[in-house]
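Below is protein_21.pdb, holding PDB, C-alpha atoms.
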ATOM      1  CA  MET A   1      23.843 -26.814   7.033
ATOM      2  CA  LYS A   2      22.022 -29.263   4.836
ATOM      3  CA  ASN A   3      24.036 -32.395   5.498
ATOM      4  CA  TRP A   4      25.842 -33.979   8.400
ATOM      5  CA  ILE A   5      29.462 -33.463   7.349
ATOM      6  CA  PRO A   6      29.625 -29.733   8.249
ATOM      7  CA  LEU A   7      28.001 -30.622  11.576
ATOM      8  CA  LEU A   8      30.528 -33.363  12.175
ATOM      9  CA  LEU A   9      33.374 -30.968  11.436
ATOM     10  CA  LEU A  10      31.955 -28.438  13.867
ATOM     11  CA  LEU A  11      31.744 -31.041  16.590
ATOM     12  CA  LEU A  12      35.198 -32.440  15.888
ATOM     13  CA  ALA A  13      37.018 -29.123  15.546
ATOM     14  CA  LEU A  14      34.680 -27.335  17.966
ATOM     15  CA  SER A  15      36.010 -24.048  16.775
ATOM     16  CA  SER A  16      35.634 -21.485  14.025
ATOM     17  CA  CYS A  17      37.219 -18.061  14.260
ATOM     18  CA  LYS A  18      34.965 -16.546  11.578
ATOM     19  CA  THR A  19      32.827 -15.568  14.538
ATOM     20  CA  ARG A  20      31.403 -12.902  16.806
ATOM     21  CA  ASN A  21      30.251 -13.944  20.238
ATOM     22  CA  ALA A  22      27.187 -12.908  22.234
ATOM     23  CA  ILE A  23      28.557 -12.350  25.723
ATOM     24  CA  LYS A  24      26.345 -13.225  28.692
ATOM     25  CA  ASP A  25      25.857 -11.214  31.821
ATOM     26  CA  ASN A  26      25.737 -12.696  35.304
ATOM     27  CA  ASN A  27      22.045 -13.541  34.849
ATOM     28  CA  GLY A  28      22.634 -15.358  31.568
ATOM     29  CA  ASN A  29      21.244 -12.518  29.427
ATOM     30  CA  PRO A  30      22.951 -11.393  26.219
ATOM     31  CA  GLN A  31      24.940  -8.197  26.225
ATOM     32  CA  ASP A  32      27.338  -6.601  23.798
ATOM     33  CA  SER A  33      31.076  -6.292  24.278
ATOM     34  CA  ILE A  34      30.878  -2.671  25.430
ATOM     35  CA  THR A  35      28.327  -3.502  28.123
ATOM     36  CA  ALA A  36      30.446  -6.426  29.249
ATOM     37  CA  ALA A  37      33.512  -4.217  29.514
ATOM     38  CA  GLU A  38      31.576  -1.680  31.550
ATOM     39  CA  ASN A  39      30.352  -4.378  33.910
ATOM     40  CA  ASN A  40      33.929  -5.509  34.442
ATOM     41  CA  LYS A  41      34.594  -2.067  35.922
ATOM     42  CA  ASN A  42      32.017  -2.615  38.644
ATOM     43  CA  PRO A  43      33.712  -1.912  42.001
ATOM     44  CA  LYS A  44      32.265  -5.159  43.327
ATOM     45  CA  ASP A  45      34.215  -7.035  40.642
ATOM     46  CA  VAL A  46      37.656  -5.419  40.882
ATOM     47  CA  ASN A  47      40.427  -7.391  39.207
ATOM     48  CA  GLU A  48      43.502  -7.641  41.427
ATOM     49  CA  PRO A  49      46.963  -9.023  40.552
ATOM     50  CA  VAL A  50      47.642 -12.662  41.455
ATOM     51  CA  SER A  51      50.619 -13.183  43.754
ATOM     52  CA  ASP A  52      50.929 -16.963  43.386
ATOM     53  CA  LYS A  53      51.017 -17.350  39.605
ATOM     54  CA  LEU A  54      52.870 -20.666  39.761
ATOM     55  CA  THR A  55      49.970 -22.402  41.495
ATOM     56  CA  PHE A  56      47.540 -21.018  38.922
ATOM     57  CA  PHE A  57      49.559 -22.223  35.932
ATOM     58  CA  GLU A  58      50.085 -25.638  37.515
ATOM     59  CA  HIS A  59      46.331 -26.090  37.900
ATOM     60  CA  VAL A  60      45.258 -24.864  34.463
ATOM     61  CA  LEU A  61      48.062 -26.265  32.303
ATOM     62  CA  ILE A  62      48.806 -29.725  33.748
ATOM     63  CA  PRO A  63      46.337 -32.142  32.096
ATOM     64  CA  PRO A  64      44.458 -34.810  34.057
ATOM     65  CA  LYS A  65      45.741 -38.376  33.967
ATOM     66  CA  PHE A  66      43.431 -40.893  32.286
ATOM     67  CA  GLU A  67      43.603 -43.735  29.794
ATOM     68  CA  GLN A  68      40.206 -43.398  28.164
ATOM     69  CA  ILE A  69      36.858 -41.760  28.710
ATOM     70  CA  LYS A  70      33.451 -42.235  27.085
ATOM     71  CA  ILE A  71      31.037 -39.295  27.068
ATOM     72  CA  ASP A  72      27.334 -39.572  26.202
ATOM     73  CA  SER A  73      25.887 -36.234  25.106
ATOM     74  CA  LYS A  74      22.788 -34.516  23.822
ATOM     75  CA  VAL A  75      23.785 -32.117  21.061
ATOM     76  CA  ARG A  76      21.720 -29.189  19.828
ATOM     77  CA  VAL A  77      22.920 -27.141  16.877
ATOM     78  CA  GLU A  78      21.256 -23.801  16.140
ATOM     79  CA  THR A  79      21.967 -22.279  12.728
ATOM     80  CA  GLY A  80      18.610 -20.797  11.737
ATOM     81  CA  SER A  81      17.649 -24.030  10.010
ATOM     82  CA  PHE A  82      15.988 -26.962  11.733
ATOM     83  CA  ILE A  83      18.403 -29.621  12.941
ATOM     84  CA  PRO A  84      17.054 -32.294  15.288
ATOM     85  CA  THR A  85      18.641 -32.899  18.673
ATOM     86  CA  LEU A  86      21.393 -35.484  18.259
ATOM     87  CA  ASP A  87      22.604 -38.187  20.597
ATOM     88  CA  ALA A  88      26.396 -38.307  20.561
ATOM     89  CA  THR A  89      28.894 -40.800  21.904
ATOM     90  CA  VAL A  90      32.407 -39.390  22.221
ATOM     91  CA  TYR A  91      35.247 -41.750  23.120
ATOM     92  CA  ILE A  92      38.640 -40.262  23.957
ATOM     93  CA  GLU A  93      41.721 -42.456  24.216
ATOM     94  CA  ASN A  94      44.376 -40.211  25.719
ATOM     95  CA  ASP A  95      46.895 -38.941  23.138
ATOM     96  CA  LYS A  96      45.634 -41.480  20.572
ATOM     97  CA  LYS A  97      42.156 -40.844  19.220
ATOM     98  CA  VAL A  98      38.816 -39.125  19.571
ATOM     99  CA  TRP A  99      35.973 -41.211  18.134
ATOM    100  CA  MET A 100      32.467 -39.821  17.717
ATOM    101  CA  ASN A 101      29.138 -41.306  16.662
ATOM    102  CA  LEU A 102      26.021 -39.196  16.063
ATOM    103  CA  ARG A 103      22.479 -40.547  16.150
ATOM    104  CA  ALA A 104      19.057 -39.092  15.380
ATOM    105  CA  VAL A 105      15.910 -41.006  16.326
ATOM    106  CA  PHE A 106      18.018 -44.111  17.029
ATOM    107  CA  LEU A 107      19.576 -44.026  13.554
ATOM    108  CA  ASN A 108      23.331 -43.536  13.077
ATOM    109  CA  VAL A 109      23.728 -40.451  10.895
ATOM    110  CA  ALA A 110      27.443 -39.635  11.122
ATOM    111  CA  ARG A 111      30.671 -41.025  12.483
ATOM    112  CA  GLY A 112      34.155 -39.576  12.770
ATOM    113  CA  ILE A 113      37.576 -40.216  14.208
ATOM    114  CA  ALA A 114      40.458 -37.862  14.971
ATOM    115  CA  THR A 115      44.056 -38.956  15.531
ATOM    116  CA  PRO A 116      47.312 -36.976  15.727
ATOM    117  CA  GLU A 117      47.527 -37.413  11.935
ATOM    118  CA  GLY A 118      44.172 -35.791  11.109
ATOM    119  CA  ILE A 119      40.427 -36.360  11.011
ATOM    120  CA  LYS A 120      38.085 -38.630   9.098
ATOM    121  CA  GLY A 121      34.314 -38.400   8.941
ATOM    122  CA  GLN A 122      31.418 -39.989   7.124
ATOM    123  CA  ASP A 123      27.869 -38.842   6.470
ATOM    124  CA  LYS A 124      25.687 -41.947   6.503
ATOM    125  CA  VAL A 125      22.653 -40.058   5.199
ATOM    126  CA  ASN A 126      24.239 -38.642   2.043
ATOM    127  CA  LYS A 127      26.833 -41.447   1.757
ATOM    128  CA  VAL A 128      29.889 -39.210   1.553
ATOM    129  CA  TYR A 129      33.095 -38.982   3.581
ATOM    130  CA  ILE A 130      36.054 -36.715   4.307
ATOM    131  CA  ASP A 131      39.709 -37.402   5.068
ATOM    132  CA  SER A 132      41.636 -34.306   6.168
ATOM    133  CA  ASP A 133      44.726 -33.250   8.080
ATOM    134  CA  PHE A 134      44.670 -30.522  10.707
ATOM    135  CA  ASP A 135      46.564 -28.065   8.504
ATOM    136  CA  TYR A 136      43.661 -28.030   6.090
ATOM    137  CA  LEU A 137      41.202 -27.397   8.902
ATOM    138  CA  ASN A 138      43.338 -24.602  10.341
ATOM    139  CA  ASN A 139      43.478 -22.879   6.952
ATOM    140  CA  LEU A 140      39.753 -23.393   6.470
ATOM    141  CA  LEU A 141      38.905 -21.939   9.874
ATOM    142  CA  ASN A 142      41.567 -19.172   9.867
ATOM    143  CA  VAL A 143      43.286 -20.436  13.005
ATOM    144  CA  ASN A 144      46.543 -22.191  13.762
ATOM    145  CA  PHE A 145      45.958 -23.914  17.102
ATOM    146  CA  ILE A 146      43.752 -26.848  16.110
ATOM    147  CA  ASP A 147      45.625 -30.098  16.441
ATOM    148  CA  TYR A 148      44.776 -33.401  18.025
ATOM    149  CA  LYS A 149      45.712 -32.362  21.567
ATOM    150  CA  SER A 150      43.744 -29.114  21.412
ATOM    151  CA  LEU A 151      40.686 -31.126  20.351
ATOM    152  CA  GLU A 152      41.038 -33.345  23.421
ATOM    153  CA  LYS A 153      41.349 -30.276  25.624
ATOM    154  CA  ILE A 154      38.299 -28.566  24.140
ATOM    155  CA  LEU A 155      36.113 -31.612  24.735
ATOM    156  CA  MET A 156      37.319 -31.982  28.333
ATOM    157  CA  GLY A 157      37.211 -28.300  29.242
ATOM    158  CA  ARG A 158      40.956 -27.695  29.436
ATOM    159  CA  THR A 159      42.909 -24.635  28.293
ATOM    160  CA  PHE A 160      43.354 -25.166  24.541
ATOM    161  CA  VAL A 161      45.082 -21.911  23.524
ATOM    162  CA  LYS A 162      48.659 -21.066  24.414
ATOM    163  CA  ILE A 163      48.939 -18.853  27.482
ATOM    164  CA  SER A 164      52.020 -17.471  29.204
ATOM    165  CA  ASP A 165      52.885 -14.910  31.845
ATOM    166  CA  SER A 166      54.745 -12.807  29.286
ATOM    167  CA  GLN A 167      51.848 -12.639  26.814
ATOM    168  CA  PHE A 168      48.867 -12.427  29.218
ATOM    169  CA  THR A 169      47.817 -10.463  32.288
ATOM    170  CA  LEU A 170      46.506 -12.614  35.150
ATOM    171  CA  THR A 171      44.083 -11.056  37.641
ATOM    172  CA  GLN A 172      41.715 -12.340  40.323
ATOM    173  CA  ASN A 173      38.316 -11.232  41.588
ATOM    174  CA  ALA A 174      35.427 -12.695  43.576
ATOM    175  CA  GLN A 175      34.336 -14.812  40.589
ATOM    176  CA  GLY A 176      37.754 -16.385  40.023
ATOM    177  CA  TYR A 177      40.684 -15.767  37.669
ATOM    178  CA  LYS A 178      40.918 -13.850  34.415
ATOM    179  CA  MET A 179      43.636 -13.998  31.770
ATOM    180  CA  THR A 180      43.704 -11.231  29.161
ATOM    181  CA  SER A 181      46.166 -11.041  26.293
ATOM    182  CA  LYS A 182      48.577  -8.119  26.687
ATOM    183  CA  VAL A 183      49.252  -7.957  22.965
ATOM    184  CA  ASN A 184      47.198  -9.193  20.055
ATOM    185  CA  GLN A 185      47.774 -12.870  19.402
ATOM    186  CA  LYS A 186      48.721 -13.439  15.772
ATOM    187  CA  ILE A 187      47.247 -16.425  13.946
ATOM    188  CA  VAL A 188      48.934 -17.004  10.602
ATOM    189  CA  THR A 189      47.531 -19.275   7.904
ATOM    190  CA  ASP A 190      48.202 -19.714   4.197
ATOM    191  CA  GLU A 191      45.176 -17.552   3.408
ATOM    192  CA  LYS A 192      45.450 -14.634   5.824
ATOM    193  CA  ASN A 193      47.149 -13.209   8.910
ATOM    194  CA  ARG A 194      44.697 -12.430  11.696
ATOM    195  CA  GLU A 195      45.103 -10.915  15.153
ATOM    196  CA  TYR A 196      42.984 -11.715  18.184
ATOM    197  CA  LYS A 197      42.341 -10.473  21.674
ATOM    198  CA  ILE A 198      41.915 -13.480  23.937
ATOM    199  CA  VAL A 199      40.221 -13.574  27.324
ATOM    200  CA  LEU A 200      39.966 -16.678  29.518
ATOM    201  CA  GLN A 201      37.821 -16.936  32.650
ATOM    202  CA  TYR A 202      38.413 -19.519  35.404
ATOM    203  CA  ASP A 203      36.453 -20.342  38.552
ATOM    204  CA  THR A 204      37.981 -19.898  42.000
ATOM    205  CA  ASN A 205      38.909 -23.602  41.935
ATOM    206  CA  TYR A 206      40.582 -23.209  38.489
ATOM    207  CA  ASP A 207      37.770 -24.812  36.430
ATOM    208  CA  LEU A 208      37.715 -23.214  32.972
ATOM    209  CA  LEU A 209      34.538 -21.158  32.501
ATOM    210  CA  SER A 210      35.054 -19.551  29.098
ATOM    211  CA  VAL A 211      37.513 -18.751  26.326
ATOM    212  CA  ASN A 212      36.817 -15.747  24.107
ATOM    213  CA  LEU A 213      38.663 -14.910  20.878
ATOM    214  CA  LYS A 214      37.941 -11.545  19.239
ATOM    215  CA  ASP A 215      39.315 -10.595  15.825
ATOM    216  CA  VAL A 216      40.615  -7.026  16.186
ATOM    217  CA  LEU A 217      40.053  -6.199  12.509
ATOM    218  CA  SER A 218      36.525  -7.546  12.114
ATOM    219  CA  PRO A 219      33.375  -8.339  14.134
ATOM    220  CA  ASP A 220      34.315 -12.034  14.142
ATOM    221  CA  GLU A 221      34.275 -13.553  17.608
ATOM    222  CA  LEU A 222      34.138 -16.985  19.236
ATOM    223  CA  GLU A 223      33.346 -18.078  22.767
ATOM    224  CA  ILE A 224      33.437 -21.568  24.217
ATOM    225  CA  SER A 225      31.990 -21.797  27.717
ATOM    226  CA  TYR A 226      31.739 -24.594  30.284
ATOM    227  CA  SER A 227      29.419 -25.073  33.260
ATOM    228  CA  ASP A 228      28.178 -27.586  35.854
ATOM    229  CA  TRP A 229      31.589 -29.019  36.637
ATOM    230  CA  ASN A 230      31.721 -32.211  38.724
ATOM    231  CA  GLU A 231      34.343 -34.765  39.686
ATOM    232  CA  TYR A 232      34.238 -38.243  38.088
ATOM    233  CA  GLU A 233      36.800 -40.801  39.233
ATOM    234  CA  GLY A 234      39.140 -38.052  40.339
ATOM    235  CA  ILE A 235      38.793 -35.971  37.142
ATOM    236  CA  ARG A 236      36.780 -32.776  36.985
ATOM    237  CA  LEU A 237      34.638 -32.541  33.849
ATOM    238  CA  PRO A 238      31.953 -30.119  32.621
ATOM    239  CA  LYS A 239      28.395 -31.223  32.056
ATOM    240  CA  ASN A 240      27.620 -28.416  29.637
ATOM    241  CA  VAL A 241      29.684 -27.075  26.734
ATOM    242  CA  LYS A 242      28.444 -24.110  24.707
ATOM    243  CA  ILE A 243      30.037 -22.814  21.524
ATOM    244  CA  ILE A 244      28.715 -19.443  20.344
ATOM    245  CA  ILE A 245      29.708 -18.360  16.850
ATOM    246  CA  LYS A 246      28.798 -15.073  15.188
ATOM    247  CA  GLY A 247      30.100 -13.523  12.011
ATOM    248  CA  SER A 248      28.908 -13.642   8.429
ATOM    249  CA  LYS A 249      26.835 -16.589   9.655
ATOM    250  CA  SER A 250      25.752 -17.174  13.237
ATOM    251  CA  SER A 251      25.332 -20.469  15.023
ATOM    252  CA  GLN A 252      25.783 -22.142  18.362
ATOM    253  CA  ILE A 253      26.405 -25.672  19.542
ATOM    254  CA  LEU A 254      25.165 -26.901  22.909
ATOM    255  CA  MET A 255      26.515 -30.165  24.287
ATOM    256  CA  GLU A 256      24.912 -31.594  27.415
ATOM    257  CA  ASN A 257      27.112 -34.391  28.725
ATOM    258  CA  THR A 258      24.775 -36.870  30.404
ATOM    259  CA  LYS A 259      27.163 -39.684  31.333
ATOM    260  CA  PHE A 260      30.899 -40.284  31.795
ATOM    261  CA  ASP A 261      32.345 -43.795  31.627
ATOM    262  CA  PHE A 262      36.024 -44.706  31.979
ATOM    263  CA  SER A 263      35.884 -48.247  30.580
ATOM    264  CA  ARG A 264      37.440 -49.197  27.246
ATOM    265  CA  MET A 265      35.204 -49.593  24.204
ATOM    266  CA  GLU A 266      35.503 -50.635  20.566
ATOM    267  CA  THR A 267      35.612 -47.783  18.071
ATOM    268  CA  ALA A 268      34.873 -49.217  14.660
ATOM    269  CA  TYR A 269      35.496 -46.955  11.705
ATOM    270  CA  SER A 270      35.422 -47.924   8.040
ATOM    271  CA  VAL A 271      34.051 -46.247   4.935
ATOM    272  CA  PRO A 272      31.826 -48.273   2.576
ATOM    273  CA  SER A 273      33.211 -48.476  -0.945
ATOM    274  CA  SER A 274      30.048 -46.881  -2.325
ATOM    275  CA  TYR A 275      30.645 -43.593  -0.411
ATOM    276  CA  LYS A 276      31.960 -40.590  -2.312
ATOM    277  CA  LYS A 277      34.881 -38.546  -1.021
ATOM    278  CA  ILE A 278      34.233 -34.809  -0.790
ATOM    279  CA  GLU A 279      36.418 -31.791  -0.218
ATOM    280  CA  ILE A 280      35.776 -29.429   2.711
ATOM    281  CA  LYS A 281      34.500 -26.076   1.447
TER     282      LYS A 281
END

When written as structure tokens, how does the structure in this file appear?
Amino acid sequence: MKNWIPLLLLLLALSSCKTRNAIKDNNGNPQDSITAAENNKNPKDVNEPVSDKLTFFEHVLIPPKFEQIKIDSKVRVETGSFIPTLDATVYIENDKKVWMNLRAVFLNVARGIATPEGIKGQDKVNKVYIDSDFDYLNNLLNVNFIDYKSLEKILMGRTFVKISDSQFTLTQNAQGYKMTSKVNQKIVTDEKNREYKIVLQYDTNYDLLSVNLKDVLSPDELEISYSDWNEYEGIRLPKNVKIIIKGSKSSQILMENTKFDFSRMETAYSVPSSYKKIEIK
């Protein structure tokens, strides 16, 4: 990752299914998928059926009501190459736009905006920009669920993949709720058809803890996890967002949300005429 545009795309899309996740145990230590499965069989962590499914789905699927929210974050990207910690400002205007500005050592290095029509981003260091729709990103990332609304949900810690009682098994244990896909979820793009096992973990109060997507035909895996949930003006939001990506290349993104503000702000976005348009590869 030698320039800021791939980083901007990672932060905007916040997803790549060319991945394999490192699952954590209860003490935060890495473990492989087999060990994790064995731990799930621990008698102290028995998964029982949920009798009141309606209440569960109402809590996890109905989005919070808000007009706009500004999030200040510290962003660390680990790819094997040095990337300095970035200061990010993310401004979400409900159903309209997600605007992001990235800074390093008080200098603006990248800026982007996502709308229902697509995403735009500019690299102020290398003086290049992108202008893409979500279909292109879905084909690039081998998924089909990235659209504007899913981006909003990812940033705010809401369920961003489609779940239903017919396609998933819902169970409950002492740690909270678990949804596991009954059948492989097919993700079809122009390039390839892929199938995934999907597991979602929720706290006892329905806060989303993690979403795991595992490609059944390859070692690719993705996990997005959330922690340190708190309530801000009646809306529960996570302080920490972690995206773990493993596959042909491994990386992870850590976002520490340091401040939430619900006031309106200006979100300037324009591309200087001297910038060069690039294609996403």

Run through the PyMOL selection byres ((chain A and resi 239-253) around 7) on the given coordinates and return the selected residues as an MDAnalysis selection string.
chainID A and resid 18:22 76:79 219:229 237:238 254:258

Would you write out, as a PyMOL selection string, every residue that the PyMOL selection byres ((chain A and resi 117) around 8) captures in this file?
chain A and resi 114-116+118-119+133-134+148

ask   = Residues picked by the PyMOL selection byres ((chain A and resi 217) around 9) here, as a list in words?
value =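 Given this file, the PyMOL selection byres ((chain A and resi 217) around 9) evaluates to Arg194, Glu195, Tyr196, Lys214, Asp215, Val216, Ser218, Pro219 and Asp220 of chain A.
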
Quick one: residues within 6 Å of region 174-184 of chain A, only C-alpha atoms counted, chain neighbours fewer than 3 positions away excluded, as a compact mmCIF listing (two decimals) with C-alpha atoms, keeping the file's coordinate frame?
# COMPACT_ATOMS: atom_id res chain seq x y z
CA GLN A 167 51.85 -12.64 26.81
CA PHE A 168 48.87 -12.43 29.22
CA THR A 169 47.82 -10.46 32.29
CA LEU A 170 46.51 -12.61 35.15
CA THR A 171 44.08 -11.06 37.64
CA GLU A 195 45.10 -10.92 15.15
CA TYR A 196 42.98 -11.72 18.18
CA LYS A 197 42.34 -10.47 21.67
CA ILE A 198 41.92 -13.48 23.94
CA VAL A 199 40.22 -13.57 27.32
CA LEU A 200 39.97 -16.68 29.52
CA GLN A 201 37.82 -16.94 32.65
CA TYR A 202 38.41 -19.52 35.40
CA ASP A 203 36.45 -20.34 38.55
CA THR A 204 37.98 -19.90 42.00

Counting all atoms listed in the file, which residues have an atom no more than 10 Å from (38.9, -26.6, 27.8) in the file's coordinates? Please list them as a PyMOL selection string. chain A and resi 60+150-161+207-211+224-226+237-238+241

Q: Take CA of Glu58 (chain A) and CA of Tyr206 (chain A) and report the distance between them in Å, one decimal.
A: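 Interatomic distance, CA of Glu58 (chain A) to CA of Tyr206 (chain A): 9.9 Å.
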
message: Restricting the calculation to all atoms listed in the file: of A:Ser274, A:Thr267, A:Ser164, A:Ser51, which residue gets closest to Arg111 (chain A)?
response: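 The closest residue to Arg111 (chain A) is A:Thr267.
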
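From CA of Arg236 (chain A) back to CA of Asn101 (chain A), the distance works out to 23.3 Å.
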
message: My list of candidates is A:Ala110, A:Leu102, A:Leu213, A:Ile235. Which is closest to Lys65 (chain A) when distances are computed with all atoms listed in the file?
response: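 That would be A:Ile235, the residue with the smallest distance to Lys65 (chain A).
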
Computed gap from CA of Ser270 (chain A) to CA of Asp135 (chain A) is 22.8 Å

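Near region 262-265 of chain A, within 9 Å and counting only C-alpha atoms, sit A:Phe66, A:Glu67, A:Gln68, A:Ile69, A:Lys70, A:Ile71, A:Tyr91, A:Glu93, A:Glu233; same-chain residues fewer than 4 positions away were not included.
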
Let me make sure I understand: among A:Tyr232, A:Phe106, A:Phe260, A:Tyr129, which one has the smallest atom-to-atom distance to Glu279 (chain A) if we use only C-alpha atoms?
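Comparing A:Tyr232, A:Phe106, A:Phe260, A:Tyr129 against Glu279 (chain A), the winner is A:Tyr129.
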
In terms of all atoms listed in the file, the residue from A:Asn205, A:Asn212, A:Ser132, A:Thr55 at minimal distance from Asn230 (chain A) is A:Asn205

Your completed region 116-136 of chain A with N, CA and C atoms, as a PDB file, keeping the file's coordinate frame:
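Below is the file that was written, out.pdb:
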ATOM      1  N   PRO A 116      46.285 -38.008  15.937  1.00  0.00           N
ATOM      2  CA  PRO A 116      47.312 -36.976  15.727  1.00  0.00           C
ATOM      3  C   PRO A 116      47.611 -36.692  14.260  1.00  0.00           C
ATOM      4  N   GLU A 117      47.262 -37.598  13.365  1.00  0.00           N
ATOM      5  CA  GLU A 117      47.527 -37.413  11.935  1.00  0.00           C
ATOM      6  C   GLU A 117      46.453 -36.587  11.241  1.00  0.00           C
ATOM      7  N   GLY A 118      45.234 -36.536  11.774  1.00  0.00           N
ATOM      8  CA  GLY A 118      44.172 -35.791  11.109  1.00  0.00           C
ATOM      9  C   GLY A 118      42.805 -36.301  11.504  1.00  0.00           C
ATOM     10  N   ILE A 119      41.789 -35.934  10.705  1.00  0.00           N
ATOM     11  CA  ILE A 119      40.427 -36.360  11.011  1.00  0.00           C
ATOM     12  C   ILE A 119      39.798 -37.049   9.808  1.00  0.00           C
ATOM     13  N   LYS A 120      38.877 -37.948  10.112  1.00  0.00           N
ATOM     14  CA  LYS A 120      38.085 -38.630   9.098  1.00  0.00           C
ATOM     15  C   LYS A 120      36.635 -38.586   9.555  1.00  0.00           C
ATOM     16  N   GLY A 121      35.725 -38.432   8.600  1.00  0.00           N
ATOM     17  CA  GLY A 121      34.314 -38.400   8.941  1.00  0.00           C
ATOM     18  C   GLY A 121      33.465 -38.909   7.804  1.00  0.00           C
ATOM     19  N   GLN A 122      32.328 -39.494   8.148  1.00  0.00           N
ATOM     20  CA  GLN A 122      31.418 -39.989   7.124  1.00  0.00           C
ATOM     21  C   GLN A 122      29.988 -39.603   7.448  1.00  0.00           C
ATOM     22  N   ASP A 123      29.279 -39.201   6.409  1.00  0.00           N
ATOM     23  CA  ASP A 123      27.869 -38.842   6.470  1.00  0.00           C
ATOM     24  C   ASP A 123      27.080 -40.044   5.958  1.00  0.00           C
ATOM     25  N   LYS A 124      26.396 -40.728   6.876  1.00  0.00           N
ATOM     26  CA  LYS A 124      25.687 -41.947   6.503  1.00  0.00           C
ATOM     27  C   LYS A 124      24.371 -41.666   5.791  1.00  0.00           C
ATOM     28  N   VAL A 125      23.893 -40.416   5.878  1.00  0.00           N
ATOM     29  CA  VAL A 125      22.653 -40.058   5.199  1.00  0.00           C
ATOM     30  C   VAL A 125      22.907 -39.808   3.719  1.00  0.00           C
ATOM     31  N   ASN A 126      23.935 -38.989   3.430  1.00  0.00           N
ATOM     32  CA  ASN A 126      24.239 -38.642   2.043  1.00  0.00           C
ATOM     33  C   ASN A 126      25.315 -39.520   1.419  1.00  0.00           C
ATOM     34  N   LYS A 127      25.850 -40.465   2.230  1.00  0.00           N
ATOM     35  CA  LYS A 127      26.833 -41.447   1.757  1.00  0.00           C
ATOM     36  C   LYS A 127      28.078 -40.779   1.156  1.00  0.00           C
ATOM     37  N   VAL A 128      28.650 -39.868   1.946  1.00  0.00           N
ATOM     38  CA  VAL A 128      29.889 -39.210   1.553  1.00  0.00           C
ATOM     39  C   VAL A 128      30.832 -39.240   2.744  1.00  0.00           C
ATOM     40  N   TYR A 129      32.125 -38.974   2.489  1.00  0.00           N
ATOM     41  CA  TYR A 129      33.095 -38.982   3.581  1.00  0.00           C
ATOM     42  C   TYR A 129      34.186 -37.956   3.326  1.00  0.00           C
ATOM     43  N   ILE A 130      34.916 -37.615   4.402  1.00  0.00           N
ATOM     44  CA  ILE A 130      36.054 -36.715   4.307  1.00  0.00           C
ATOM     45  C   ILE A 130      37.269 -37.385   4.924  1.00  0.00           C
ATOM     46  N   ASP A 131      38.441 -36.937   4.505  1.00  0.00           N
ATOM     47  CA  ASP A 131      39.709 -37.402   5.068  1.00  0.00           C
ATOM     48  C   ASP A 131      40.658 -36.214   5.002  1.00  0.00           C
ATOM     49  N   SER A 132      40.943 -35.592   6.159  1.00  0.00           N
ATOM     50  CA  SER A 132      41.636 -34.306   6.168  1.00  0.00           C
ATOM     51  C   SER A 132      42.704 -34.272   7.248  1.00  0.00           C
ATOM     52  N   ASP A 133      43.762 -33.496   7.010  1.00  0.00           N
ATOM     53  CA  ASP A 133      44.726 -33.250   8.080  1.00  0.00           C
ATOM     54  C   ASP A 133      44.341 -31.973   8.809  1.00  0.00           C
ATOM     55  N   PHE A 134      45.012 -31.692   9.908  1.00  0.00           N
ATOM     56  CA  PHE A 134      44.670 -30.522  10.707  1.00  0.00           C
ATOM     57  C   PHE A 134      45.119 -29.223  10.049  1.00  0.00           C
ATOM     58  N   ASP A 135      46.144 -29.271   9.199  1.00  0.00           N
ATOM     59  CA  ASP A 135      46.564 -28.065   8.504  1.00  0.00           C
ATOM     60  C   ASP A 135      45.442 -27.534   7.623  1.00  0.00           C
ATOM     61  N   TYR A 136      44.763 -28.450   6.958  1.00  0.00           N
ATOM     62  CA  TYR A 136      43.661 -28.030   6.090  1.00  0.00           C
ATOM     63  C   TYR A 136      42.561 -27.370   6.906  1.00  0.00           C
TER      64      TYR A 136
END
